[in-house]
$ cat my_file-v7.txt   # compact mmCIF, C-alpha atoms
# COMPACT_ATOMS: atom_id res chain seq x y z
CA MET A 1 -37.30 62.12 -90.52
CA LYS A 2 -38.23 58.58 -91.51
CA TYR A 3 -34.53 57.79 -91.86
CA ASN A 4 -33.75 58.98 -88.34
CA LYS A 5 -36.57 56.94 -86.81
CA GLY A 6 -35.30 53.74 -88.44
CA PHE A 7 -31.71 54.33 -87.34
CA ALA A 8 -32.46 54.73 -83.60
CA PRO A 9 -33.46 51.09 -82.92
CA VAL A 10 -30.37 49.88 -84.76
CA LEU A 11 -28.17 52.11 -82.62
CA ILE A 12 -29.74 50.80 -79.42
CA LEU A 13 -29.20 47.21 -80.56
CA ILE A 14 -25.52 47.92 -81.26
CA ILE A 15 -25.06 49.41 -77.77
CA VAL A 16 -26.71 46.39 -76.09
CA LEU A 17 -24.53 43.95 -78.04
CA GLY A 18 -21.45 45.93 -77.06
CA VAL A 19 -22.32 45.77 -73.37
CA LEU A 20 -22.89 42.01 -73.60
CA ALA A 21 -19.58 41.53 -75.38
CA VAL A 22 -17.66 43.46 -72.71
CA SER A 23 -19.37 41.47 -69.93
CA GLY A 24 -18.49 38.17 -71.61
CA VAL A 25 -14.84 39.13 -71.99
CA SER A 26 -14.65 40.14 -68.30
CA TYR A 27 -16.24 36.86 -67.21
CA PHE A 28 -13.82 34.63 -69.13
CA ALA A 29 -10.86 36.74 -68.04
CA GLY A 30 -11.87 36.20 -64.40
CA LYS A 31 -12.20 32.44 -64.90
CA ARG A 32 -8.69 32.19 -66.34
CA SER A 33 -7.08 34.29 -63.59
CA ALA A 34 -8.76 32.32 -60.68
CA PRO A 35 -6.28 29.94 -58.94
CA LYS A 36 -6.88 26.22 -59.31
CA ASN A 37 -7.43 24.03 -56.23
CA GLU A 38 -4.63 21.53 -56.64
CA VAL A 39 -4.45 18.38 -54.54
CA SER A 40 -1.01 18.12 -52.95
CA ASP A 41 0.87 14.87 -53.10
CA ASN A 42 1.65 13.74 -49.53
CA SER A 43 3.16 10.44 -50.53
CA ASN A 44 6.65 11.74 -49.74
CA TYR A 45 5.68 13.56 -46.51
CA LEU A 46 7.89 12.92 -43.50
CA PRO A 47 6.70 14.12 -40.06
CA PRO A 48 9.05 16.30 -37.99
CA VAL A 49 11.32 14.40 -35.62
CA ASP A 50 11.01 15.10 -31.87
CA GLN A 51 14.56 15.57 -30.64
CA ASN A 52 13.53 14.53 -27.08
CA TYR A 53 11.91 11.27 -28.14
CA ASN A 54 13.61 8.13 -26.92
CA PRO A 55 12.45 4.94 -28.62
CA PRO A 56 11.49 2.12 -26.25
CA THR A 57 14.16 -0.45 -25.61
CA THR A 58 13.62 -4.14 -25.21
CA ASN A 59 15.13 -5.77 -22.14
CA ASN A 60 16.10 -9.32 -22.99
CA ASN A 61 17.43 -9.99 -19.50
CA PRO A 62 15.14 -12.06 -17.25
CA PRO A 63 13.88 -10.30 -14.09
CA ILE A 64 16.06 -10.72 -11.04
CA SER A 65 14.24 -12.84 -8.48
CA GLN A 66 14.81 -12.21 -4.80
CA PRO A 67 16.22 -15.23 -2.99
CA SER A 68 13.51 -16.96 -0.99
CA ILE A 69 14.05 -17.73 2.68
CA SER A 70 12.94 -21.11 3.93
CA ASN A 71 11.14 -21.45 7.24
CA THR A 72 13.70 -24.05 8.30
CA THR A 73 16.45 -21.46 7.92
CA VAL A 74 14.50 -18.87 9.92
CA VAL A 75 13.75 -21.27 12.78
CA ALA A 76 17.41 -22.33 12.88
CA GLU A 77 18.39 -18.66 13.14
CA TRP A 78 16.01 -18.07 16.06
CA LYS A 79 17.50 -21.07 17.85
CA SER A 80 21.04 -19.83 17.26
CA LEU A 81 20.55 -16.48 19.04
CA SER A 82 22.38 -16.46 22.35
CA SER A 83 21.00 -15.12 25.61
CA SER A 84 23.43 -12.20 25.50
CA ASN A 85 22.33 -11.32 21.96
CA LEU A 86 18.67 -11.44 22.97
CA PHE A 87 19.27 -9.38 26.09
CA ALA A 88 21.00 -6.70 23.99
CA ILE A 89 18.08 -6.70 21.52
CA SER A 90 15.43 -6.42 24.25
CA SER A 91 17.35 -3.69 26.09
CA LYS A 92 17.60 -1.64 22.90
CA GLU A 93 13.79 -1.79 22.60
CA ASN A 94 13.29 -0.84 26.29
CA ILE A 95 11.98 -4.29 27.18
CA TYR A 96 13.25 -4.83 30.72
CA LEU A 97 14.45 -8.36 31.51
CA VAL A 98 16.58 -9.43 34.46
CA PRO A 99 20.04 -10.36 33.06
CA ASP A 100 20.74 -13.03 35.68
CA PHE A 101 17.89 -15.25 34.48
CA GLY A 102 18.79 -15.18 30.80
CA VAL A 103 16.60 -14.80 27.70
CA THR A 104 15.53 -17.92 25.83
CA LEU A 105 13.44 -19.01 22.85
CA GLY A 106 9.99 -20.11 24.02
CA GLU A 107 8.47 -21.19 20.69
CA THR A 108 8.34 -20.46 16.98
CA ILE A 109 5.00 -19.78 15.29
CA ASP A 110 3.78 -17.99 12.18
CA LEU A 111 1.73 -15.02 13.39
CA THR A 112 2.09 -12.75 10.35
CA GLY A 113 0.83 -15.25 7.76
CA ASP A 114 3.88 -15.01 5.50
CA GLY A 115 4.86 -18.66 5.96
CA LEU A 116 7.83 -17.84 8.19
CA ASP A 117 7.75 -18.49 11.93
CA GLU A 118 8.23 -15.65 14.36
CA GLY A 119 10.42 -16.25 17.39
CA ILE A 120 8.79 -15.82 20.82
CA PHE A 121 11.55 -15.03 23.32
CA GLY A 122 11.08 -14.62 27.04
CA GLY A 123 12.77 -13.93 30.33
CA ASN A 124 12.17 -12.68 33.84
CA GLY A 125 10.61 -9.23 33.90
CA GLY A 126 11.19 -8.75 37.62
CA ASN A 127 7.77 -9.69 38.96
CA ASN A 128 6.41 -11.51 35.92
CA GLU A 129 7.38 -13.59 32.92
CA LEU A 130 7.80 -11.28 29.94
CA SER A 131 8.05 -12.23 26.27
CA PHE A 132 8.67 -10.37 23.02
CA ILE A 133 8.36 -11.30 19.35
CA MET A 134 11.05 -11.31 16.67
CA VAL A 135 10.02 -11.07 12.99
CA LYS A 136 11.98 -11.87 9.84
CA GLY A 137 11.37 -9.02 7.39
CA SER A 138 10.95 -9.40 3.62
CA ASP A 139 14.41 -7.85 3.25
CA GLY A 140 15.91 -10.64 5.35
CA LYS A 141 16.49 -8.44 8.40
CA ASN A 142 15.19 -9.25 11.87
CA PHE A 143 13.20 -6.78 13.96
CA VAL A 144 11.26 -6.70 17.22
CA ALA A 145 7.50 -6.67 16.61
CA LYS A 146 5.58 -3.56 17.65
CA GLN A 147 1.91 -3.05 18.46
CA LYS A 148 -0.37 -0.12 17.68
CA ASN A 149 -2.88 0.41 20.45
CA LYS A 150 -6.45 1.68 20.33
CA ASP A 151 -5.28 5.19 21.25
CA GLY A 152 -2.71 5.18 18.44
CA THR A 153 0.38 4.76 20.59
CA ILE A 154 3.04 2.38 19.29
CA TYR A 155 5.58 0.41 21.29
CA PRO A 156 7.24 -3.04 21.26
CA VAL A 157 5.00 -6.03 21.97
CA ARG A 158 5.36 -7.10 25.61
CA LEU A 159 3.53 -10.30 26.48
CA GLY A 160 3.24 -10.62 30.24
CA SER A 161 2.28 -13.66 32.25
CA VAL A 162 1.41 -13.28 35.94
CA GLY A 163 -0.42 -15.70 38.20
CA ARG A 164 -0.95 -14.41 41.72
CA VAL A 165 -3.63 -14.75 44.34
CA MET A 166 -5.42 -11.54 43.37
CA VAL A 167 -4.15 -10.75 39.86
CA GLN A 168 -3.86 -12.57 36.55
CA GLU A 169 -2.08 -11.36 33.43
CA ARG A 170 -2.03 -13.65 30.45
CA TYR A 171 -1.89 -13.76 26.67
CA GLU A 172 -2.67 -16.13 23.85
CA LEU A 173 -1.13 -16.33 20.39
CA LEU A 174 -3.64 -16.53 17.52
CA PRO A 175 -1.91 -17.93 14.41
CA ASN A 176 -5.19 -18.49 12.55
CA GLU A 177 -6.10 -14.84 13.04
CA HIS A 178 -2.53 -13.57 12.62
CA GLY A 179 -2.27 -11.95 16.00
CA PHE A 180 -2.66 -12.32 19.75
CA TYR A 181 -4.67 -11.05 22.68
CA THR A 182 -3.73 -9.94 26.19
CA ALA A 183 -6.01 -10.19 29.22
CA SER A 184 -5.89 -8.54 32.64
CA LEU A 185 -8.12 -9.92 35.43
CA SER A 186 -8.57 -9.31 39.16
CA TYR A 187 -9.97 -11.62 41.82
CA ASN A 188 -13.53 -10.82 42.92
CA GLU A 189 -14.15 -11.97 46.50
CA ALA A 190 -17.94 -11.67 46.18
CA THR A 191 -18.11 -14.16 43.34
CA ASP A 192 -14.90 -16.00 44.22
CA LYS A 193 -13.86 -15.65 40.59
CA PHE A 194 -11.46 -13.62 38.51
CA LYS A 195 -13.15 -10.75 36.72
CA CYS A 196 -11.90 -8.82 33.72
CA ASN A 197 -10.61 -5.38 34.48
CA THR A 198 -12.11 -2.47 32.54
CA ASN A 199 -10.84 -2.75 28.96
CA GLY A 200 -8.88 -5.72 30.27
CA VAL A 201 -8.87 -7.61 26.97
CA SER A 202 -7.14 -6.27 23.88
CA ALA A 203 -6.62 -8.22 20.66
CA TYR A 204 -4.21 -7.37 17.86
CA SER A 205 -3.83 -8.53 14.27
CA TRP A 206 -0.91 -8.17 11.88
CA ASN A 207 -1.01 -5.42 9.25
CA SER A 208 1.39 -6.35 6.44
CA SER A 209 1.43 -2.75 5.13
CA THR A 210 2.42 -1.02 8.37
CA LYS A 211 4.37 -4.02 9.73
CA LEU A 212 2.55 -3.63 13.05
CA PHE A 213 0.24 -5.71 15.21
CA GLU A 214 -2.70 -3.30 15.33
CA TRP A 215 -5.57 -3.21 17.82
CA ASN A 216 -8.51 -5.06 16.29
CA GLN A 217 -12.01 -4.17 17.44
CA VAL A 218 -13.68 -7.34 16.13
CA LEU A 219 -11.16 -9.70 17.75
CA THR A 220 -11.23 -7.70 20.98
CA ALA A 221 -15.02 -8.05 21.19
CA LYS A 222 -14.79 -11.76 20.37
CA TYR A 223 -12.29 -12.63 23.10
CA THR A 224 -13.79 -10.24 25.63
CA ALA A 225 -17.04 -12.21 25.31
CA GLN A 226 -15.18 -15.49 25.82
CA ILE A 227 -12.97 -14.45 28.74
CA CYS A 228 -15.13 -11.95 30.61
CA LYS A 229 -18.20 -14.15 31.14

$ encode --input "my_file-v7.txt" --output "structure tokens"
Amino acid sequence: MKYNKGFAPVLILIIVLGVLAVSGVSYFAGKRSAPKNEVSDNSNYLPPVDQNYNPPTTNNNPPISQPSISNTTVVAEWKSLSSSNLFAISSKENIYLVPDFGVTLGETIDLTGDGLDEGIFGGNGGNNELSFIMVKGSDGKNFVAKQKNKDGTIYPVRLGSVGRVMVQERYELLPNEHGFYTASLSYNEATDKFKCNTNGVSAYSWNSSTKLFEWNQVLTAKYTAQICK
């Protein structure tokens, strides 16, 4: 009995050591089988090529400059237009002028502010003197100037001049303000003076984007105050 009691602790110790040994073997086996985190060498990596990519090209050619037009050339062109040419141009734009009296150049003046004079051409409108404006475009082509009114309507500029006993129609070119105004007045017997008709003064300024002389509220108020005193 004493022998059996001494053998039991030894047996337990052997079992514990066996369990520890098995656990140690399993641990080291797991360490060896675990994959290593290797750092990849990207020194030879080449990115994929986009088949639709077009590398930028360098243009060694200097930009093509548009030929400039001198004001002297433009004025000479206005002077060279014949009466028959001008009559055909005005008729195409529905500007009525009596053919028998001819159409002539009245003056040249820069109204658009581009450094090139416009041509102011006039003739007999039947019962008044009527003028229209020719403009040299940036593309070198000539065109009849048009005006955009307060109500949005657009038609060719017609500058009338009438001086009668009871009625006055006049205009003034405004090169410093890149435009013009028109004024319509009637004779007032009570005051013995000419009085502006309702909305009788309208002023227009050049719009380089729309290529139109557009109704200008500020200029209209300015010249209404001066004329309709």

$ atom_distance --input "my_file-v7.txt" --atom1 "atom CA of A:Ala88" --atom2 "atom CA of A:Glu118"
18.3 Å

$ closest_residue --input "my_file-v7.txt" --among "A:Gly163, A:Gly119, A:Gly126, A:Gly152" --to "A:Glu214" --atoms "only C-alpha atoms"
A:Gly152

$ residues_near_point --input "my_file-v7.txt" --point "(-13.1, -10.1, 20.9)" --cutoff "12 Å" --atoms "only C-alpha atoms" --output "compact mmCIF listing (two decimals) with C-alpha atoms, in the frame of the given file"
# COMPACT_ATOMS: atom_id res chain seq x y z
CA LEU A 174 -3.64 -16.53 17.52
CA GLU A 177 -6.10 -14.84 13.04
CA PHE A 180 -2.66 -12.32 19.75
CA TYR A 181 -4.67 -11.05 22.68
CA THR A 182 -3.73 -9.94 26.19
CA ALA A 183 -6.01 -10.19 29.22
CA ASN A 199 -10.84 -2.75 28.96
CA GLY A 200 -8.88 -5.72 30.27
CA VAL A 201 -8.87 -7.61 26.97
CA SER A 202 -7.14 -6.27 23.88
CA ALA A 203 -6.62 -8.22 20.66
CA TYR A 204 -4.21 -7.37 17.86
CA SER A 205 -3.83 -8.53 14.27
CA TRP A 215 -5.57 -3.21 17.82
CA ASN A 216 -8.51 -5.06 16.29
CA GLN A 217 -12.01 -4.17 17.44
CA VAL A 218 -13.68 -7.34 16.13
CA LEU A 219 -11.16 -9.70 17.75
CA THR A 220 -11.23 -7.70 20.98
CA ALA A 221 -15.02 -8.05 21.19
CA LYS A 222 -14.79 -11.76 20.37
CA TYR A 223 -12.29 -12.63 23.10
CA THR A 224 -13.79 -10.24 25.63
CA ALA A 225 -17.04 -12.21 25.31
CA GLN A 226 -15.18 -15.49 25.82
CA ILE A 227 -12.97 -14.45 28.74
CA CYS A 228 -15.13 -11.95 30.61

$ atom_distance --input "my_file-v7.txt" --atom1 "atom CA of A:Gly113" --atom2 "atom CA of A:Lys148"
18.1 Å

$ closest_residue --input "my_file-v7.txt" --among "A:Gly125, A:Gly160, A:Gly106, A:Pro175" --to "A:Ser90" --atoms "only C-alpha atoms"
A:Gly125

$ closest_residue --input "my_file-v7.txt" --among "A:Ile120, A:Leu185, A:Val74, A:Leu212" --to "A:Lys141" --atoms "only C-alpha atoms"
A:Val74

$ residues_around --input "my_file-v7.txt" --residues "A:Trp206" --least-positions-apart "4" --cutoff "8 Å" --atoms "all atoms listed in the file" --output "list in words"
Leu111, Thr112, His178, Gly179, Lys211, Leu212, Phe213 and Glu214 of chain A

$ closest_residue --input "my_file-v7.txt" --among "A:Thr108, A:Ala76, A:Ile154, A:Glu129" --to "A:Thr210" --atoms "all atoms listed in the file"
A:Ile154

$ atom_distance --input "my_file-v7.txt" --atom1 "atom CA of A:Tyr96" --atom2 "atom CA of A:Glu169"
16.9 Å

$ closest_residue --input "my_file-v7.txt" --among "A:Ser68, A:Leu81, A:Lys146, A:Asp139" --to "A:Ile95" --atoms "all atoms listed in the file"
A:Lys146

$ closest_residue --input "my_file-v7.txt" --among "A:Asn176, A:Leu97, A:Ile109, A:Gly140" --to "A:Arg158" --atoms "all atoms listed in the file"
A:Leu97

$ residues_around --input "my_file-v7.txt" --residues "stretch 164-167 of chain A" --least-positions-apart "3" --cutoff "10 Å" --atoms "only C-alpha atoms" --output "VMD selection string"
chain A and resid 128 184 to 189 193 to 195 197

$ build_atoms --input "my_file-v7.txt" --residues "stretch 145-159 of chain A" --atoms "N, CA, C and O atoms" --output "mmCIF file, in the coordinates of the input"
data_model
loop_
_atom_site.group_PDB
_atom_site.id
_atom_site.type_symbol
_atom_site.label_atom_id
_atom_site.label_comp_id
_atom_site.auth_asym_id
_atom_site.auth_seq_id
_atom_site.Cartn_x
_atom_site.Cartn_y
_atom_site.Cartn_z
ATOM 1 N N ALA A 145 8.860 -7.047 16.982
ATOM 2 C CA ALA A 145 7.500 -6.670 16.610
ATOM 3 C C ALA A 145 6.977 -5.562 17.513
ATOM 4 O O ALA A 145 7.243 -5.538 18.713
ATOM 5 N N LYS A 146 6.210 -4.649 16.904
ATOM 6 C CA LYS A 146 5.580 -3.560 17.650
ATOM 7 C C LYS A 146 4.065 -3.645 17.508
ATOM 8 O O LYS A 146 3.546 -4.213 16.549
ATOM 9 N N GLN A 147 3.371 -3.066 18.477
ATOM 10 C CA GLN A 147 1.910 -3.050 18.460
ATOM 11 C C GLN A 147 1.413 -1.612 18.422
ATOM 12 O O GLN A 147 2.025 -0.706 18.993
ATOM 13 N N LYS A 148 0.293 -1.425 17.721
ATOM 14 C CA LYS A 148 -0.370 -0.120 17.680
ATOM 15 C C LYS A 148 -1.660 -0.245 18.467
ATOM 16 O O LYS A 148 -2.544 -1.027 18.123
ATOM 17 N N ASN A 149 -1.761 0.531 19.532
ATOM 18 C CA ASN A 149 -2.880 0.410 20.450
ATOM 19 C C ASN A 149 -4.109 1.183 19.965
ATOM 20 O O ASN A 149 -4.058 1.915 18.970
ATOM 21 N N LYS A 150 -5.192 1.026 20.682
ATOM 22 C CA LYS A 150 -6.450 1.680 20.330
ATOM 23 C C LYS A 150 -6.291 3.195 20.290
ATOM 24 O O LYS A 150 -6.894 3.878 19.449
ATOM 25 N N ASP A 151 -5.467 3.740 21.196
ATOM 26 C CA ASP A 151 -5.280 5.190 21.250
ATOM 27 C C ASP A 151 -4.226 5.694 20.266
ATOM 28 O O ASP A 151 -3.897 6.877 20.248
ATOM 29 N N GLY A 152 -3.672 4.785 19.455
ATOM 30 C CA GLY A 152 -2.710 5.180 18.440
ATOM 31 C C GLY A 152 -1.261 5.104 18.856
ATOM 32 O O GLY A 152 -0.371 5.275 18.018
ATOM 33 N N THR A 153 -1.001 4.864 20.135
ATOM 34 C CA THR A 153 0.380 4.760 20.590
ATOM 35 C C THR A 153 1.012 3.469 20.064
ATOM 36 O O THR A 153 0.329 2.457 19.867
ATOM 37 N N ILE A 154 2.310 3.524 19.836
ATOM 38 C CA ILE A 154 3.040 2.380 19.290
ATOM 39 C C ILE A 154 4.243 2.088 20.177
ATOM 40 O O ILE A 154 5.005 2.999 20.516
ATOM 41 N N TYR A 155 4.392 0.828 20.544
ATOM 42 C CA TYR A 155 5.580 0.410 21.290
ATOM 43 C C TYR A 155 5.783 -1.089 21.097
ATOM 44 O O TYR A 155 4.890 -1.795 20.602
ATOM 45 N N PRO A 156 6.959 -1.612 21.467
ATOM 46 C CA PRO A 156 7.240 -3.040 21.260
ATOM 47 C C PRO A 156 6.226 -3.931 21.980
ATOM 48 O O PRO A 156 5.737 -3.596 23.064
ATOM 49 N N VAL A 157 5.917 -5.057 21.364
ATOM 50 C CA VAL A 157 5.000 -6.030 21.970
ATOM 51 C C VAL A 157 5.647 -6.589 23.237
ATOM 52 O O VAL A 157 6.778 -7.087 23.204
ATOM 53 N N ARG A 158 4.924 -6.510 24.339
ATOM 54 C CA ARG A 158 5.360 -7.100 25.610
ATOM 55 C C ARG A 158 4.247 -8.031 26.084
ATOM 56 O O ARG A 158 3.158 -7.575 26.434
ATOM 57 N N LEU A 159 4.523 -9.308 26.091
ATOM 58 C CA LEU A 159 3.530 -10.300 26.480
ATOM 59 C C LEU A 159 3.826 -10.758 27.900
ATOM 60 O O LEU A 159 4.790 -11.492 28.139
#
